[in-house]
Amino acid sequence: MKIISSIAEMSALAEAWRSQGWRIGLVPTMGYLHQGHLSLVAEARAGNDYVVVSIFVNPTQFGPNEDFLRYPRDLDKDSDLCREAGVDVIFTPPAAEMYPEDFDIYVAPDELAGQLCGRSRPGHFRGVCTVVLKFFHIVRPHNAYFGQKDAQQCIILERMVKDLNLMDLTLHRLPTIREADGLALSSRNVYLSPAERQQAVVLRQALLTAERLFAAGEHDSAALLEAMRQELTKADLARVDYLEIVDTARLQPLQQISGEALVALAVYFGKTRLIDNTLLREK
Ligand code: PAF
């Protein structure tokens, strides 16, 4: 396994692979890898000749009061995990090379960025789209892998691929990986105190409540949201940022669910903001 930090070197290697007809899989990450990331790597390994994992804590997707500086980092451990998982290259460029001083051009989603997480994280999805598009240009993947835990990110990136005509690239959305008690894996879970960690299971429990009621025939969003809110009140350390039921194309709130709906929520425990979601589908 190679660790490459130069954009020119990564790009030349990707070009060489492509010219020989090899297929490239990319797993973009911010590092501090967990089983969720490794499930993306396993899928990439199975479906491509070469697998690249990018590790880059992207400054442009963090707001001024967010956790960019304290975001957990451990390249040594990440390297061991990637080596064991059969990764060919870790690409970890320096921020100064990704964003030189005169950097000026961003890629910004419009309507989709104003919904759900975009409301409390203005500029976040502009940073995500910009960095992911840069990685697509540098690594030239045929396939790229993302986790359903970041449902809005997946929907926005899928739209970017479509709207900007990124041909010859398939995005793969893989299921959320969870702890035994249901908490979705996230690099940010390390911020939680033991008491917060215990209570964080309410996110999943609220989603399961919605799934259960929906399966029993409740298709009215207000009723589902109210039942979820009740569930969340069981955690006295939880502060709800948002709790919404939206359509999966434009992320607009739905009154009644017919077809498919995304139930998404973000909850603060202290300064730590956790997200989770589930899809409801009419049979
Ligand atoms: O999901 C993440 O870890 C990040 O948003 C991503 C896609 C690697 C872009 O920085």
# chains A, B, ... in the order shown; residues from 1 in each chain; ligands from 1
call {"tool": "closest_atom_pairs", "arguments": {"of": "chain A", "to": "ligand 1", "cutoff": "10 Å", "atoms": "only C-alpha atoms and all ligand atoms", "output": "CSV"}}
result
residue,atom,partner,partner_atom_place_in_ligand_line,distance
A:Val27,CA,ligand 1,8 (C),7.9
A:Pro28,CA,ligand 1,8 (C),4.4
A:Thr29,CA,ligand 1,8 (C),3.6
A:Met30,CA,ligand 1,3 (O),4.7
A:Gly31,CA,ligand 1,3 (O),7.5
A:Tyr32,CA,ligand 1,3 (O),9.6
A:Leu33,CA,ligand 1,3 (O),9.5
A:His37,CA,ligand 1,3 (O),8.9
A:Val53,CA,ligand 1,8 (C),9.6
A:Ser54,CA,ligand 1,8 (C),7.5
A:Ile55,CA,ligand 1,8 (C),7.4
A:Phe56,CA,ligand 1,10 (O),6.7
A:Val57,CA,ligand 1,10 (O),6.4
A:Asn58,CA,ligand 1,10 (O),5.2
A:Pro59,CA,ligand 1,10 (O),8.6
A:Thr60,CA,ligand 1,10 (O),8.7
A:Gln61,CA,ligand 1,10 (O),7.1
A:Phe62,CA,ligand 1,10 (O),9.6
A:His124,CA,ligand 1,5 (O),8.6
A:Phe125,CA,ligand 1,5 (O),8.2
A:Gly127,CA,ligand 1,10 (O),7.5
A:Val128,CA,ligand 1,9 (C),4.8
A:Cys129,CA,ligand 1,9 (C),7.5
A:Thr130,CA,ligand 1,9 (C),8.6
A:Val131,CA,ligand 1,10 (O),6.1
A:Val132,CA,ligand 1,9 (C),5.8
A:Leu133,CA,ligand 1,9 (C),9.5
A:Phe135,CA,ligand 1,9 (C),9.1
A:Tyr145,CA,ligand 1,7 (C),9.1
A:Phe146,CA,ligand 1,1 (O),7.0
A:Gly147,CA,ligand 1,1 (O),7.5
A:Gln148,CA,ligand 1,1 (O),9.8
A:Lys149,CA,ligand 1,1 (O),8.9
A:Asp150,CA,ligand 1,1 (O),6.7
A:Ala151,CA,ligand 1,1 (O),9.9
A:Gln153,CA,ligand 1,5 (O),7.2
A:Cys154,CA,ligand 1,7 (C),8.7
A:Leu157,CA,ligand 1,7 (C),8.8
A:Ser186,CA,ligand 1,3 (O),9.3
A:Ser187,CA,ligand 1,3 (O),8.9
call {"tool": "write_last_selection", "arguments": {"atoms": "C-alpha atoms", "output": "PDB file, in the first residue's frame"}}
result
ATOM      1  CA  VAL A  27     -13.686   5.928  -0.823  1.00  0.00           C
ATOM      2  CA  PRO A  28     -13.543   9.596   0.247  1.00  0.00           C
ATOM      3  CA  THR A  29     -13.129   9.989   4.030  1.00  0.00           C
ATOM      4  CA  MET A  30     -11.977  12.419   6.681  1.00  0.00           C
ATOM      5  CA  GLY A  31     -10.061   9.609   8.403  1.00  0.00           C
ATOM      6  CA  TYR A  32     -10.404   8.206  11.923  1.00  0.00           C
ATOM      7  CA  LEU A  33     -11.797   5.171  10.155  1.00  0.00           C
ATOM      8  CA  HIS A  37     -15.780   3.274   6.337  1.00  0.00           C
ATOM      9  CA  VAL A  53      -9.045   5.884   0.189  1.00  0.00           C
ATOM     10  CA  SER A  54      -8.721   9.641   0.524  1.00  0.00           C
ATOM     11  CA  ILE A  55      -8.120  10.931   4.026  1.00  0.00           C
ATOM     12  CA  PHE A  56      -8.552  14.672   4.282  1.00  0.00           C
ATOM     13  CA  VAL A  57     -10.215  16.695   7.025  1.00  0.00           C
ATOM     14  CA  ASN A  58     -11.695  19.230   4.673  1.00  0.00           C
ATOM     15  CA  PRO A  59     -11.597  22.747   6.181  1.00  0.00           C
ATOM     16  CA  THR A  60     -14.164  24.202   3.764  1.00  0.00           C
ATOM     17  CA  GLN A  61     -17.014  22.023   5.029  1.00  0.00           C
ATOM     18  CA  PHE A  62     -16.686  23.152   8.656  1.00  0.00           C
ATOM     19  CA  HIS A 124     -21.225  22.763   4.602  1.00  0.00           C
ATOM     20  CA  PHE A 125     -22.448  21.144   1.389  1.00  0.00           C
ATOM     21  CA  GLY A 127     -17.412  22.492   0.970  1.00  0.00           C
ATOM     22  CA  VAL A 128     -18.382  18.827   0.517  1.00  0.00           C
ATOM     23  CA  CYS A 129     -19.223  19.192  -3.193  1.00  0.00           C
ATOM     24  CA  THR A 130     -16.073  21.191  -3.877  1.00  0.00           C
ATOM     25  CA  VAL A 131     -13.704  18.753  -2.209  1.00  0.00           C
ATOM     26  CA  VAL A 132     -15.409  15.636  -3.587  1.00  0.00           C
ATOM     27  CA  LEU A 133     -15.378  17.041  -7.125  1.00  0.00           C
ATOM     28  CA  PHE A 135     -11.077  14.208  -5.596  1.00  0.00           C
ATOM     29  CA  TYR A 145     -18.612   4.900  -2.190  1.00  0.00           C
ATOM     30  CA  PHE A 146     -20.615   6.795   0.461  1.00  0.00           C
ATOM     31  CA  GLY A 147     -22.605   5.829   3.558  1.00  0.00           C
ATOM     32  CA  GLN A 148     -26.363   6.229   3.902  1.00  0.00           C
ATOM     33  CA  LYS A 149     -25.810   7.724   7.376  1.00  0.00           C
ATOM     34  CA  ASP A 150     -25.087  10.984   5.530  1.00  0.00           C
ATOM     35  CA  ALA A 151     -28.275  10.713   3.466  1.00  0.00           C
ATOM     36  CA  GLN A 153     -24.721  14.246   1.407  1.00  0.00           C
ATOM     37  CA  CYS A 154     -25.487  11.180  -0.752  1.00  0.00           C
ATOM     38  CA  LEU A 157     -23.506  14.227  -4.497  1.00  0.00           C
ATOM     39  CA  SER A 186     -19.474   8.048  13.411  1.00  0.00           C
ATOM     40  CA  SER A 187     -15.993   9.425  14.010  1.00  0.00           C
TER      41      SER A 187
END
call {"tool": "residues_around", "arguments": {"residues": "region 246-249 of chain A", "least_positions_apart": "6", "cutoff": "8 Å", "atoms": "only C-alpha atoms", "output": "PyMOL selection string"}}
result
chain A and resi 155+260-264
call {"tool": "select_by_dssp", "arguments": {"residues": "region 47-208 of chain A", "states": "strand (DSSP E or B)", "output": "list in words"}}
result
Tyr50, Val51, Val52, Val53, Ser54, Ile55, Val89, Ile90, Phe91, Asn143, Ala144, Tyr145, Phe146, Gly147, Thr170, Leu171, His172, Arg173, Leu174, Arg178 and Ala184 of chain A
call {"tool": "closest_residue", "arguments": {"among": "A:Ser221, A:Asn65, A:Gln230, A:Gln255", "to": "Ser120 (chain A)", "atoms": "only C-alpha atoms"}}
result
A:Asn65
call {"tool": "residues_around", "arguments": {"residues": "Val139 (chain A)", "least_positions_apart": "2", "cutoff": "8 Å", "atoms": "only C-alpha atoms", "output": "PyMOL selection string"}}
result
chain A and resi 10-11+14+26+52+135-137+141
call {"tool": "write_last_selection", "arguments": {"atoms": "N, CA and C atoms", "output": "PDB file, in the first residue's frame"}}
result
ATOM      1  N   MET A  10      -0.660  11.499  -7.361  1.00  0.00           N
ATOM      2  CA  MET A  10      -1.914  10.722  -7.362  1.00  0.00           C
ATOM      3  C   MET A  10      -2.549  10.757  -8.741  1.00  0.00           C
ATOM      4  N   SER A  11      -2.571  11.929  -9.318  1.00  0.00           N
ATOM      5  CA  SER A  11      -3.219  12.101 -10.608  1.00  0.00           C
ATOM      6  C   SER A  11      -2.479  11.326 -11.701  1.00  0.00           C
ATOM      7  N   ALA A  14      -3.300   7.599 -11.264  1.00  0.00           N
ATOM      8  CA  ALA A  14      -4.666   7.312 -11.717  1.00  0.00           C
ATOM      9  C   ALA A  14      -4.711   7.276 -13.244  1.00  0.00           C
ATOM     10  N   LEU A  26     -12.994   4.709  -5.414  1.00  0.00           N
ATOM     11  CA  LEU A  26     -12.564   5.734  -4.447  1.00  0.00           C
ATOM     12  C   LEU A  26     -13.498   5.742  -3.244  1.00  0.00           C
ATOM     13  N   VAL A  52      -8.604   3.397  -3.855  1.00  0.00           N
ATOM     14  CA  VAL A  52      -7.979   4.566  -3.224  1.00  0.00           C
ATOM     15  C   VAL A  52      -8.888   5.035  -2.093  1.00  0.00           C
ATOM     16  N   PHE A 135     -11.558  15.601  -5.683  1.00  0.00           N
ATOM     17  CA  PHE A 135     -11.077  14.208  -5.596  1.00  0.00           C
ATOM     18  C   PHE A 135     -11.453  13.415  -6.844  1.00  0.00           C
ATOM     19  N   PHE A 136     -12.643  13.647  -7.364  1.00  0.00           N
ATOM     20  CA  PHE A 136     -13.044  12.935  -8.584  1.00  0.00           C
ATOM     21  C   PHE A 136     -12.090  13.288  -9.738  1.00  0.00           C
ATOM     22  N   HIS A 137     -11.699  14.560  -9.837  1.00  0.00           N
ATOM     23  CA  HIS A 137     -10.796  14.961 -10.919  1.00  0.00           C
ATOM     24  C   HIS A 137      -9.394  14.399 -10.722  1.00  0.00           C
ATOM     25  N   PRO A 141     -12.004   8.186 -10.405  1.00  0.00           N
ATOM     26  CA  PRO A 141     -12.595   6.875 -10.123  1.00  0.00           C
ATOM     27  C   PRO A 141     -13.714   6.515 -11.095  1.00  0.00           C
TER      28      PRO A 141
END
call {"tool": "closest_residue", "arguments": {"among": "A:Ile3, A:Leu13, A:Leu183, A:Ala113", "to": "Asp78 (chain A)", "atoms": "only C-alpha atoms"}}
result
A:Ile3
call {"tool": "residues_around", "arguments": {"residues": "Asp168 (chain A)", "least_positions_apart": "5", "cutoff": "10 Å", "atoms": "only C-alpha atoms", "output": "list in words"}}
result
Arg140, Pro141, His142, Asn143 and Val161 of chain A
call {"tool": "residues_around", "arguments": {"residues": "Ala200 (chain A)", "least_positions_apart": "5", "cutoff": "10 Å", "atoms": "only C-alpha atoms", "output": "VMD selection string"}}
result
chain A and resid 181 to 184 189 192 194 to 195 205 232 235 237 to 238 267 to 269 274
call {"tool": "residues_around", "arguments": {"residues": "Leu185 (chain A)", "least_positions_apart": "6", "cutoff": "9 Å", "atoms": "only C-alpha atoms", "output": "PyMOL selection string"}}
result
chain A and resi 34-36+149+176-179
call {"tool": "write_last_selection", "arguments": {"atoms": "C-alpha atoms", "output": "CSV table (one decimal), in the first residue's frame"}}
result
chain,number,residue,atom,x,y,z
A,34,HIS,CA,-14.4,2.8,11.6
A,35,GLN,CA,-16.4,-0.2,10.5
A,36,GLY,CA,-18.7,2.1,8.5
A,149,LYS,CA,-25.8,7.7,7.4
A,176,THR,CA,-25.4,2.6,7.8
A,177,ILE,CA,-23.3,0.5,10.1
A,178,ARG,CA,-24.4,0.5,13.8
A,179,GLU,CA,-23.1,-0.4,17.3
call {"tool": "closest_residue", "arguments": {"among": "A:Glu43, A:Glu226, A:Glu9, A:Glu66", "to": "Arg188 (chain A)", "atoms": "only C-alpha atoms"}}
result
A:Glu66
call {"tool": "select_by_dssp", "arguments": {"residues": "region 110-176 of chain A", "states": "helix (DSSP H, G or I)", "output": "PyMOL selection string"}}
result
chain A and resi 111-114+117-120+124-139+148-163
call {"tool": "closest_residue", "arguments": {"among": "A:Phe91, A:Leu164, A:Thr170, A:Ala227", "to": "Ser6 (chain A)", "atoms": "only C-alpha atoms"}}
result
A:Phe91
call {"tool": "atom_distance", "arguments": {"atom1": "CA of Glu218 (chain A)", "atom2": "CA of Leu280 (chain A)"}}
result
11.1 Å
call {"tool": "closest_residue", "arguments": {"among": "A:Leu225, A:Leu279, A:Met98, A:Leu213", "to": "Ile138 (chain A)", "atoms": "only C-alpha atoms"}}
result
A:Met98
call {"tool": "closest_residue", "arguments": {"among": "A:Gln152, A:Gln198, A:Asn48, A:Thr278", "to": "Val87 (chain A)", "atoms": "only C-alpha atoms"}}
result
A:Asn48
